[in-house]
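Q: Below is the structure I would like to discuss, written out as structure tokens.
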There are 6 protein chains.
Amino acid sequence: MKNIPPLILEPLVRMALAEDLGRGGDITSDNVIPATARAHVVMASRQEGIIAGLDAAETAFKLVDPLLTVKRLVPEGAEVKAGDEIMEVAGCARSILAAERVALNFVGRLSGIATLTHKMVTAVGNHKAKICSTRKTTPGLRALEKYAVKIGGGMNHRLGLDDAVLIKDNHIAIAGGVTVALRRAKEGIGHMVKIEIEVDTLAQLQEALEEGTDAVMLDNMSLEDMATAVKMTAGRAIVEASGGVTLERIPKIAATGVDMISSGALTHSAPNFDVGLDYKAAA
Amino acid sequence: MKNIPPLILEPLVRMALAEDLGRGGDITSDNVIPATARAHVVMASRQEGIIAGLDAAETAFKLVDPLLTVKRLVPEGAEVKAGDEIMEVAGCARSILAAERVALNFVGRLSGIATLTHKMVTAVGNHKAKICSTRKTTPGLRALEKYAVKIGGGMNHRLGLDDAVLIKDNHIAIAGGVTVALRRAKEGIGHMVKIEIEVDTLAQLQEALEEGTDAVMLDNMSLEDMATAVKMTAGRAIVEASGGVTLERIPKIAATGVDMISSGALTHSAPNFDVGLDYKAAA
Amino acid sequence: MKNIPPLILEPLVRMALAEDLGRGGDITSDNVIPATARAHVVMASRQEGIIAGLDAAETAFKLVDPLLTVKRLVPEGAEVKAGDEIMEVAGCARSILAAERVALNFVGRLSGIATLTHKMVTAVGNHKAKICSTRKTTPGLRALEKYAVKIGGGMNHRLGLDDAVLIKDNHIAIAGGVTVALRRAKEGIGHMVKIEIEVDTLAQLQEALEEGTDAVMLDNMSLEDMATAVKMTAGRAIVEASGGVTLERIPKIAATGVDMISSGALTHSAPNFDVGLDYKAAA
Amino acid sequence: MKNIPPLILEPLVRMALAEDLGRGGDITSDNVIPATARAHVVMASRQEGIIAGLDAAETAFKLVDPLLTVKRLVPEGAEVKAGDEIMEVAGCARSILAAERVALNFVGRLSGIATLTHKMVTAVGNHKAKICSTRKTTPGLRALEKYAVKIGGGMNHRLGLDDAVLIKDNHIAIAGGVTVALRRAKEGIGHMVKIEIEVDTLAQLQEALEEGTDAVMLDNMSLEDMATAVKMTAGRAIVEASGGVTLERIPKIAATGVDMISSGALTHSAPNFDVGLDYKAAA
Amino acid sequence: MKNIPPLILEPLVRMALAEDLGRGGDITSDNVIPATARAHVVMASRQEGIIAGLDAAETAFKLVDPLLTVKRLVPEGAEVKAGDEIMEVAGCARSILAAERVALNFVGRLSGIATLTHKMVTAVGNHKAKICSTRKTTPGLRALEKYAVKIGGGMNHRLGLDDAVLIKDNHIAIAGGVTVALRRAKEGIGHMVKIEIEVDTLAQLQEALEEGTDAVMLDNMSLEDMATAVKMTAGRAIVEASGGVTLERIPKIAATGVDMISSGALTHSAPNFDVGLDYKAAA
Amino acid sequence: MKNIPPLILEPLVRMALAEDLGRGGDITSDNVIPATARAHVVMASRQEGIIAGLDAAETAFKLVDPLLTVKRLVPEGAEVKAGDEIMEVAGCARSILAAERVALNFVGRLSGIATLTHKMVTAVGNHKAKICSTRKTTPGLRALEKYAVKIGGGMNHRLGLDDAVLIKDNHIAIAGGVTVALRRAKEGIGHMVKIEIEVDTLAQLQEALEEGTDAVMLDNMSLEDMATAVKMTAGRAIVEASGGVTLERIPKIAATGVDMISSGALTHSAPNFDVGLDYKAAA
């Protein structure tokens with residue numbers, strides 16, 4: 001998705017704010033800061049990378065107080081460096097401080113994912129391979145994390161268990177082999193669903209190609225086997241490399257000619273992007 | 001919290017499963033594997049660390065299919081090494097495969113946090129300092145992530161904005177100083193609420209100690225200043241070190257004599273713990 | 001999907017029961033029937049067709065009273081005739097009567113869809129065409145209605161806006177033509193997403209085939225044009241017929257050689273299946 | 001109800017949109033149509049009948065994008081013919097296309113119910129009988145479907161199990177007869193609740209009238225028996241005809257002098273009203 | 001309603017427990033009491049009155065820990081005196097203490113309402129008047145509070161705005177008089193809905209009786225006027241007395257011959273019933 | 001909390017309105033009053049006391065109809081007498097009447113609590129004791145009721161089980177004594193959590209003071225023992241009096257020198273504040 005529909009985003013921000021406000025609201029600001037105090041703050045980057053999640057941050061501020069004014073200083077997806085100003089917020093000081101942490105938590109997480117994705121995409125260089133995410137996402141945040149991958153220049157794999165078929169090692173073992181698994185999948189699914197199968201060996205790949213499949217996932221293969229697999233496939237299926245994907249190894253994987261390189265770390269282990277809120281003046 | 005109350009845990013697991021099953025369920029397993037196939041699988045660690053989230057994993061399997069049998073092979077909080085078996089699941093193969101990813105996502109995330117916490121706690125060595133988490137948690141998962149910190153041997157700071165007062169730099173700036181901020185907080189809050197104030201300088205610390213506070217947070221201070229701050233405080237308040245907390249720097253911070261060392265990275269940047277599901281046999 | 005995961009089904013049945021019980025529960029049964037009265041009832045078909053929704057009915061009875069015993073007399077998907085007994089329920093009379101209408105409403109709707117689907121599938125005869133549903137489903141019930149189509153022997157198209165690309169007339173008009181629309185779609189989507197495009201003319205079909213697409217939807221074409229379209233396509237894409245699909249016209253459409261015949265009426269206008277609850281005896 | 005309170009309507013539209021947008025939003029429009037493209041579309045009727053559900057359609061468009069402008073070209077409840085324009089929508093093309101199907105699904109279903117109701121009401125002619133709906137409604141949509149019946153000129157029976165007493169055959173059987181059932185109901189209920197009893201025979205009717213009841217439901221009686229029942233009742237209770245109600249038979253049923261004619265088909269089997277969205281121009 | 005359907009009750013208890021457990025659970029019990037400690041406690045009355053809410057209490061204990069054993073020592077609706085034992089709970093000590101307050105809060109509130117209702121019913125003596133509640137209930141708890149009124153021997157008025165018509169002074173003023181208001185109501189509503197009208201004077205009563213109504217509410221009338229109103233009505237409508245209803249005045253109001261005496265205080269101002277949990281022994 | 005965050009308040013008002021509107025909306029107003037009628041009403045106090053809940057009332061009116069104009073005539077927390085006008089509402093008559101009861105129910109309950117709190121605070125006179133609430137709140141409304149206590153001039157104790165430690169008699173019994181219970185609590189909790197312990201005797205108090213605690217709760221002690229306890233404590237802990245707190249006894253309790261006086265009745269038994277809506281004119 002190119003943007004996060006408010007209908008998907010708003011309930012998540014609402015949940016995060018409710019989680020933080022608890023049963024008593026922001027007792028620090030409510031007691032320490034006068035109700036009439038106004039503030040002007042700027043969200044600023046503390047590192048370099050790709051910014052994602054500005055919609056979430058703005059939603060957080062607006063849900064706490066619709067009278068806050070929010071101005072974006074860079075567009076979603078912008079490449080920033082440490083010190084760059086991202087968003088300006090002005091209005092009731094208590095409201096700004098009550099929403100601050102939730103706004104930053106969303107931007108920190110989503111920009112972290114976008115930034116790591118961007119690094120992996122860059123590591124691919126001139127090869128054709130695309131970087132793509134997996135279902136190893138944070139419970140409840142899949143739509144947002146998949147979106148952040150797109151902002152970082154990556155692609156997405158399945159969104160869930162129901163929108164594409166991915167036959168994995170356990171499926172093959174239980175079904176009784178590559179051919180029977182693929183055949184059953186093709187018989188059972190609709191015409192708008194793609195099928196991919198995980199193969200651990202070139203023999204399995206051969207079997208899959210003979211039966212026919214939309215895509216194959218090479219699981220933890222050596223670089224040599226990957227290159228061979230690409231040749232064997234010869235365009236008959238999309239070839240995805242999976243397992244052991246690190247920034248260092250991506251150029252070599254990409255050089256084998258695979259179409260896709262998928263990484264769980266993109267969503268489950270991207271370090272938080274460092275971003276903060278600086279007080280400028282009474283608004 | 002020492003365990004996650006089912007009332008808090010279950011809705012989160014339900015949300016994660018609904019997110020993954022979508023509108024069509026697990027179309028791969030439903031088409032590839034016979035309804036009557038049974039399987040016996042084992043969740044195994046692929047790295048060393050501390051296991052957390054077994055309740056979540058078990059809940060995921062049971063919510064998908066109450067007839068699955070789940071057996072824990074290590075207790076929650078166990079220290080494991082790569083290859084250790086964690087949990088055994090047996091029953092309908094389709095059910096196991098439909099719940100697998102959600103179960104692993106919870107265990108991966110929570111064990112990742114527990115493992116990083118444990119490393120930080122270990123880094124403290126014989127010093128008295130305790131490691132504690134912040135509000136920089138994943139939207140929606142605060143209760144679970146705070147729990148994982150406890151499992152890893154850490155402590156928790158505020159759970160949200162409403163259970164303790166933490167006066168930060170922006171509060172001080174807007175309120176007009178350390179003394180007035182502390183005074184207002186003490187006047188306004190109930191007798192069961194603690195107050196902490198962030199100080200950037202030893203002068204601010206002095207002012208806070210004179211006015212009186214339950215705790216002080218030393219924000220990004222040098223090791224020298226931290227040591228001085230501990231002496232100045234002389235037990236009149238809990239001293240918390242914050243900012244620039246890395247595994248490498250923890251022993252030195254702890255050596256200054258602070259009571260608490262807090263880290264946002266514990267919850268926002270802990271790398272996922274590597275755990276997988278191995279197929280053993282038809283159950 | 002081959003069955004409805006309880007996680008998807010239960011909230012829908014719960015919503016339907018809450019809607020019916022309101023703020024006061026079943027005041028008729030509560031006042032007219034003694035709390036200790038027990039009953040034995042049988043759900044029976046009043047027409048011929050295909051039964052779907054037994055899981056929903058059982059869930060309704062069990063959610064109202066876990067002590068009710070429910071026994072299925074035919075399997076899900078069974079072909080029944082008027083008078084056939086489908087399900088037996090015994091236990092507290094008040095509980096049975098409180099759940100009755102909700103149970104019947106689900107079975108009536110889903111069996112209605114399964115039955116109409118089955119008729120359309122039968123009308124195809126020996127041709128290869130498959131009957132498939134659309135997104136013209138009842139708000140909130142898409143997963144269930146898509147499931148009922150499967151039970152009736154049909155296939156499903158997209159589950160929603162996010163799991164496949166379907167470029168329709170308005171998209172083409174706004175994008176500026178078939179070629180540009182298809183090209184953008186192929187550039188933007190992931191490798192696990194299929195693309196279909198609606199064509200109104202054979203010229204558009206030709207353009208689509210040249211650009212390449214997974215599937216084409218022939219919108220309201222004459223039988224002659226459909227036949228020509230099938231020949232032109234020559235297996236390069238799945239061919240779906242859409243518009244003006246009636247039981248009478250299906251054999252002729254199927255005879256053109258199309259792969260799929262899609263019908264909104266399957267889900268939005270299937271007449272309710274007539275089913276009732278007969279009192280047998282005090283349980 | 002004469003209109004649908006937004007508090008009841010909005011969550012249902014939100015649920016329908018969430019169901020359609022899934023985890024990825026409208027991937028077709030997002031990829032095929034530029035973010036800046038604007039469109040002007042008109043919702044137009046493809047058949048004759050009564051329009052209901054314009055609030056739902058407008059809510060769908062506005063929830064997806066509050067900046068869309070929506071103009072109604074006919075009022076709710078209008079009698080339209082094929083080709084009549086109903087509603088005009090202008091603004092961001094992606095937003096319009098993302099909301100289109102949900103808006104049409106609501107209008108199609110509710111107008112279908114209003115149209116069938118209107119036909120039945122018309123079939124009554126100059127007789128006094130009123131057409132009324134039952135609890136055979138779509139799970140989750142009862143309030144909306146009951147509303148559509150009103151728009152079509154019909155009346156509503158109970159909204160649920162808790163707002164009126166309807167003693168049916170099974171209640172009578174379990175309670176031990178018409179008299180005892182009615183007596184218990186009158187003793188137990190409050191003074192603002194009406195009581196109706198289903199009677200299969202004139203003997204049961206006589207028993208009910210002797211005991212006293214607000215209304216009687218003649219279940220599947222012959223036209224002759226209905227006429228006799230009306231005379232026997234002589235205004236002492238409202239007389240409702242139920243069972244075997246078709247458009248063809250309504251004039252004859254109405255001619256027997258009954259007060260109400262109730263039909264489950266109104267809500268469970270009304271064919272969808274055919275309505276579409278026509279692209280006019282870039283807005 | 002004679003009992004609270006679990007589908008209505010459980011979400012309310014779940015909400016109350018979630019509210020109390022917050023993000024951290026019962027930190028007192030979790031830290032102070034060993035995980036293995038078992039306890040045996042008894043819920044005991046500290047005053048005399050009518051017990052209501054045992055289902056809610058049992059649900060609270062079971063939702064926190066399904067392994068707790070709960071035994072009722074008196075039935076719902078029992079008349080108890082101070083010191084009577086009500087319910088026995090045994091099992092994990094931490095679980096019992098975590099659920100205690102929520103269980104007691106429900107029993108305290110519902111028994112308070114039942115007890116006050118019982119006192120008012122008793123005050124009526126041998127007169128025919130029934131005590132009934134209003135819509136002045138606690139937000140979110142209407143179904144439960146209406147149920148408690150029934151347990152105390154009272155009756156219920158409307159459950160909400162949609163199940164009966166009650167024309168009040170403001171409606172009359174805006175509509176333009178008693179007659180026009182009643183006439184419109186009768187034209188608009190269905191045959192299963194009752195109509196009541198509030199009258200402030202005997203002249204209004206006369207007008208209402210001439211137009212015809214199911215019930216009249218005498219608003220804040222003197223005892224003399226009430227007696228006159230009863231005679232004027234002469235059984236043509238149910239007569240309800242409202243306003244200034246106190247335990248002391250009920251016998252006199254009842255003596256005027258009214259059918260119903262309604263009281264908002266029943267639900268909005270019933271003092272909490274005093275009930276506690278006594279520790280007996282390690283279970 | 002000094003105000004109720006909209007994120008906490010709105011869902012509660014929405015729940016209350018949905019509960020009242022049911023499945024059919026306000027059928028009285030919808031049938032009796034023309035859609036175009038406008039009204040101007042004033043919410044007026046019928047007694048003296050402290051007003052709380054104006055945000056809730058305004059939210060109720062606005063959620064039903066965003067076009068209503070609402071003007072506050074007194075600020076939240078105002079001290080009013082019978083007859084004082086509180087809030088003016090103007091706009092569509094149907095909308096005002098549909099929201100009336102919910103708006104009044106919130107203001108009645110919250111002002112009732114604020115008024116009782118104010119009376120207790122006044123009863124303390126010049127003593128230093130503060131009045132504080134407990135966890136004996138209405139299920140679902142804790143945040144609002146705790147807020148009303150603040151508006152009335154009181155303080156709050158724990159918001160739930162997770163934000164502070166309160167070791168009660170049962171904890172002490174099961175843990176094996178005051179000292180061990182306190183010690184375990186101090187070891188287990190974080191540095192931002194306070195600890196209080198309930199003591200029944202001066203001996204227990206002595207034990208608690210020796211071990212150290214933030215606060216002690218004197219449970220049902222005589223006035224003499226309370227005075228002694230205050231002296232024994234000598235400022236080493238906050239002293240809270242609990243049990244047998246009535247308006248009459250508060251001055252004597254306060255005179256013993258305790259710091260806090262807590263009362264469950266504040267939230268569970270405060271009589272509703274009498275407030276009504278007066279019709280002024282067609283708006």
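Here's how to read the names in the structure tokens: chain A, B, ... by the order shown, residue numbers from 1 in each chain, ligand numbers from 1 in the order shown.
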Based on DSSP run over this structure's backbone, return all residues of stretch 195-258 of chain A in strand (DSSP E or B), as a PDB file with N, CA, C and O atoms, in the first residue's frame.
A:
ATOM      1  N   ILE A 195       0.940 -19.038  -6.174  1.00  0.00           N
ATOM      2  CA  ILE A 195       1.496 -20.160  -5.422  1.00  0.00           C
ATOM      3  C   ILE A 195       3.010 -20.083  -5.418  1.00  0.00           C
ATOM      4  O   ILE A 195       3.634 -19.903  -6.461  1.00  0.00           O
ATOM      5  N   GLU A 196       3.579 -20.236  -4.254  1.00  0.00           N
ATOM      6  CA  GLU A 196       5.032 -20.324  -4.144  1.00  0.00           C
ATOM      7  C   GLU A 196       5.361 -21.573  -3.325  1.00  0.00           C
ATOM      8  O   GLU A 196       4.584 -22.004  -2.479  1.00  0.00           O
ATOM      9  N   ILE A 197       6.513 -22.142  -3.575  1.00  0.00           N
ATOM     10  CA  ILE A 197       6.914 -23.321  -2.805  1.00  0.00           C
ATOM     11  C   ILE A 197       8.361 -23.163  -2.361  1.00  0.00           C
ATOM     12  O   ILE A 197       9.203 -22.659  -3.116  1.00  0.00           O
ATOM     13  N   GLU A 198       8.591 -23.543  -1.138  1.00  0.00           N
ATOM     14  CA  GLU A 198       9.943 -23.479  -0.571  1.00  0.00           C
ATOM     15  C   GLU A 198      10.697 -24.744  -0.975  1.00  0.00           C
ATOM     16  O   GLU A 198      10.187 -25.852  -0.818  1.00  0.00           O
ATOM     17  N   VAL A 199      11.911 -24.559  -1.486  1.00  0.00           N
ATOM     18  CA  VAL A 199      12.707 -25.748  -1.826  1.00  0.00           C
ATOM     19  C   VAL A 199      14.056 -25.662  -1.120  1.00  0.00           C
ATOM     20  O   VAL A 199      14.665 -24.606  -1.033  1.00  0.00           O
ATOM     21  N   ALA A 215       6.128 -19.215  -8.102  1.00  0.00           N
ATOM     22  CA  ALA A 215       7.381 -18.763  -7.508  1.00  0.00           C
ATOM     23  C   ALA A 215       7.998 -19.877  -6.693  1.00  0.00           C
ATOM     24  O   ALA A 215       7.312 -20.797  -6.238  1.00  0.00           O
ATOM     25  N   VAL A 216       9.310 -19.791  -6.531  1.00  0.00           N
ATOM     26  CA  VAL A 216      10.020 -20.755  -5.670  1.00  0.00           C
ATOM     27  C   VAL A 216      10.844 -19.968  -4.657  1.00  0.00           C
ATOM     28  O   VAL A 216      11.404 -18.923  -4.966  1.00  0.00           O
ATOM     29  N   MET A 217      10.870 -20.477  -3.440  1.00  0.00           N
ATOM     30  CA  MET A 217      11.692 -19.860  -2.407  1.00  0.00           C
ATOM     31  C   MET A 217      12.870 -20.786  -2.130  1.00  0.00           C
ATOM     32  O   MET A 217      12.676 -21.934  -1.703  1.00  0.00           O
ATOM     33  N   LEU A 218      14.061 -20.265  -2.364  1.00  0.00           N
ATOM     34  CA  LEU A 218      15.271 -21.053  -2.101  1.00  0.00           C
ATOM     35  C   LEU A 218      15.627 -20.833  -0.632  1.00  0.00           C
ATOM     36  O   LEU A 218      16.006 -19.734  -0.237  1.00  0.00           O
ATOM     37  N   ASP A 219      15.500 -21.889   0.156  1.00  0.00           N
ATOM     38  CA  ASP A 219      15.659 -21.714   1.585  1.00  0.00           C
ATOM     39  C   ASP A 219      17.067 -22.037   2.046  1.00  0.00           C
ATOM     40  O   ASP A 219      17.506 -23.194   1.975  1.00  0.00           O
ATOM     41  N   ILE A 238       9.185 -17.041 -10.507  1.00  0.00           N
ATOM     42  CA  ILE A 238       9.921 -16.035  -9.750  1.00  0.00           C
ATOM     43  C   ILE A 238      10.818 -16.782  -8.761  1.00  0.00           C
ATOM     44  O   ILE A 238      10.382 -17.744  -8.133  1.00  0.00           O
ATOM     45  N   VAL A 239      12.057 -16.337  -8.617  1.00  0.00           N
ATOM     46  CA  VAL A 239      12.977 -16.998  -7.689  1.00  0.00           C
ATOM     47  C   VAL A 239      13.246 -16.077  -6.490  1.00  0.00           C
ATOM     48  O   VAL A 239      13.702 -14.944  -6.657  1.00  0.00           O
ATOM     49  N   GLU A 240      12.960 -16.586  -5.315  1.00  0.00           N
ATOM     50  CA  GLU A 240      13.134 -15.812  -4.085  1.00  0.00           C
ATOM     51  C   GLU A 240      14.206 -16.473  -3.221  1.00  0.00           C
ATOM     52  O   GLU A 240      14.151 -17.677  -2.975  1.00  0.00           O
ATOM     53  N   ALA A 241      15.149 -15.650  -2.745  1.00  0.00           N
ATOM     54  CA  ALA A 241      16.162 -16.163  -1.822  1.00  0.00           C
ATOM     55  C   ALA A 241      15.730 -15.842  -0.399  1.00  0.00           C
ATOM     56  O   ALA A 241      15.306 -14.729  -0.108  1.00  0.00           O
ATOM     57  N   SER A 242      15.897 -16.807   0.486  1.00  0.00           N
ATOM     58  CA  SER A 242      15.452 -16.628   1.859  1.00  0.00           C
ATOM     59  C   SER A 242      16.423 -17.297   2.818  1.00  0.00           C
ATOM     60  O   SER A 242      16.981 -18.344   2.508  1.00  0.00           O
TER      61      SER A 242
END
Q: Do you know which residues are at most 8 Å from C:Tyr279 counting only C-alpha atoms, after dropping those on the same chain fewer than 4 positions away, and could you put them as a list of chain:residue names?
A: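 The residues satisfying every condition are C:Ala39, C:His40, C:Val41, C:Val42, D:Asn170.
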Q: From stretch 40-111 of chain B, collect each residue whose DSSP state is alpha helix (DSSP H) and return the set as a count of residues only.
A: 30
Q: Taking only C-alpha atoms into account, find every residue of chain D that has an atom no more than 10 Å from chain E, and write it out as a tab-separated table (two decimals) with C-alpha atoms, in the first residue's frame.
A:
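This went into out.tsv:
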chain	number	residue	atom	x	y	z
D	1	MET	CA	-37.00	4.33	13.09
D	2	LYS	CA	-37.24	7.16	10.62
D	130	LYS	CA	-49.94	-3.30	6.93
D	132	CYS	CA	-44.37	-5.98	8.47
D	150	LYS	CA	-39.89	1.51	7.06
D	154	GLY	CA	-43.73	-1.23	5.92
D	155	MET	CA	-43.90	-1.65	9.67
D	156	ASN	CA	-41.71	-3.57	12.04
D	157	HIS	CA	-42.44	-6.36	14.43
D	158	ARG	CA	-40.18	-7.03	17.41
D	159	LEU	CA	-36.62	-5.69	17.11
D	160	GLY	CA	-35.32	-8.60	19.12
D	162	ASP	CA	-36.41	-8.52	24.53
D	163	ASP	CA	-38.85	-5.84	23.41
D	164	ALA	CA	-42.08	-7.79	23.02
D	165	VAL	CA	-43.47	-11.22	23.78
D	166	LEU	CA	-44.22	-13.57	20.90
D	188	GLY	CA	-44.16	-11.75	34.25
D	189	ILE	CA	-43.79	-8.81	31.91
D	190	GLY	CA	-43.81	-5.08	32.51
D	191	HIS	CA	-46.60	-2.71	31.60
D	192	MET	CA	-44.85	-1.40	28.50
D	193	VAL	CA	-44.52	-4.76	26.75
D	194	LYS	CA	-47.02	-6.18	24.29
D	195	ILE	CA	-47.91	-9.83	23.93
D	196	GLU	CA	-48.68	-11.76	20.78
D	214	ASP	CA	-52.62	-7.83	22.45
D	215	ALA	CA	-52.16	-9.62	19.16
D	238	ILE	CA	-54.51	-7.16	16.42
D	239	VAL	CA	-54.63	-9.95	13.82
D	240	GLU	CA	-51.42	-10.80	11.97
D	259	ASP	CA	-54.40	-6.00	10.38
D	260	MET	CA	-50.84	-7.10	9.65
Q: Would you mind listing what lies within 9 Å of C:Arg135 as a list in words, with only C-alpha atoms counted and same-chain residues fewer than 2 positions away left out?
A: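 Listed by chain and then number, they are Ser133, Thr137, Thr138, Arg142, His157, Arg158, Leu159, Gly160, Leu161, Gly264 and Thr267 of chain C; Asp20, Arg101, Val102 and Asn105 of chain D.
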Q: Taking 3 positions as the minimum chain separation for residues in the same chain, which residues sit within 10 Å of E:Ala143 when counting only C-alpha atoms? Answer as a CSV table (one decimal) with N, CA and C atoms, in the first residue's frame.
A:
chain,number,residue,atom,x,y,z
C,22,GLY,N,-30.6,-8.3,22.9
C,22,GLY,CA,-30.7,-6.9,23.3
C,22,GLY,C,-30.4,-6.7,24.8
C,23,ARG,N,-31.1,-5.8,25.5
C,23,ARG,CA,-30.8,-5.5,26.9
C,23,ARG,C,-31.6,-6.3,27.8
C,24,GLY,N,-32.5,-7.2,27.3
C,24,GLY,CA,-33.4,-7.9,28.2
C,24,GLY,C,-33.4,-9.4,28.1
C,25,GLY,N,-32.7,-10.0,27.1
C,25,GLY,CA,-32.8,-11.4,26.8
C,25,GLY,C,-34.2,-11.8,26.3
E,1,MET,N,-35.8,-9.6,32.5
E,1,MET,CA,-35.1,-10.8,32.4
E,1,MET,C,-35.0,-11.6,33.7
E,4,ILE,N,-29.3,-13.3,33.7
E,4,ILE,CA,-28.5,-12.4,32.7
E,4,ILE,C,-27.8,-13.4,31.8
E,5,PRO,N,-28.1,-13.3,30.5
E,5,PRO,CA,-27.4,-14.2,29.5
E,5,PRO,C,-25.9,-13.9,29.6
E,8,ILE,N,-24.3,-11.3,27.5
E,8,ILE,CA,-24.4,-9.9,28.0
E,8,ILE,C,-23.5,-9.6,29.2
E,9,LEU,N,-23.4,-10.6,30.0
E,9,LEU,CA,-22.7,-10.4,31.3
E,9,LEU,C,-21.2,-10.5,31.1
E,137,THR,N,-30.2,4.9,34.7
E,137,THR,CA,-29.3,3.8,35.1
E,137,THR,C,-27.8,4.2,34.9
E,138,THR,N,-26.9,3.4,35.4
E,138,THR,CA,-25.5,3.7,35.2
E,138,THR,C,-25.1,3.4,33.8
E,140,GLY,N,-23.7,1.9,30.7
E,140,GLY,CA,-23.1,0.6,30.5
E,140,GLY,C,-23.7,-0.6,31.2
E,146,LYS,N,-31.4,-3.4,35.5
E,146,LYS,CA,-32.8,-3.7,35.3
E,146,LYS,C,-33.1,-5.2,35.8
E,147,TYR,N,-32.1,-6.0,35.6
E,147,TYR,CA,-32.2,-7.4,36.1
E,147,TYR,C,-32.2,-7.4,37.6
E,148,ALA,N,-31.4,-6.5,38.3
E,148,ALA,CA,-31.4,-6.5,39.8
E,148,ALA,C,-32.7,-6.0,40.3
E,159,LEU,N,-36.6,-0.5,28.2
E,159,LEU,CA,-35.2,-0.8,28.3
E,159,LEU,C,-34.4,0.3,27.7
E,160,GLY,N,-35.0,1.0,26.8
E,160,GLY,CA,-34.2,2.1,26.1
E,160,GLY,C,-35.2,2.9,25.3
F,19,GLU,N,-26.5,1.9,24.1
F,19,GLU,CA,-27.3,1.2,25.1
F,19,GLU,C,-28.7,1.7,25.1
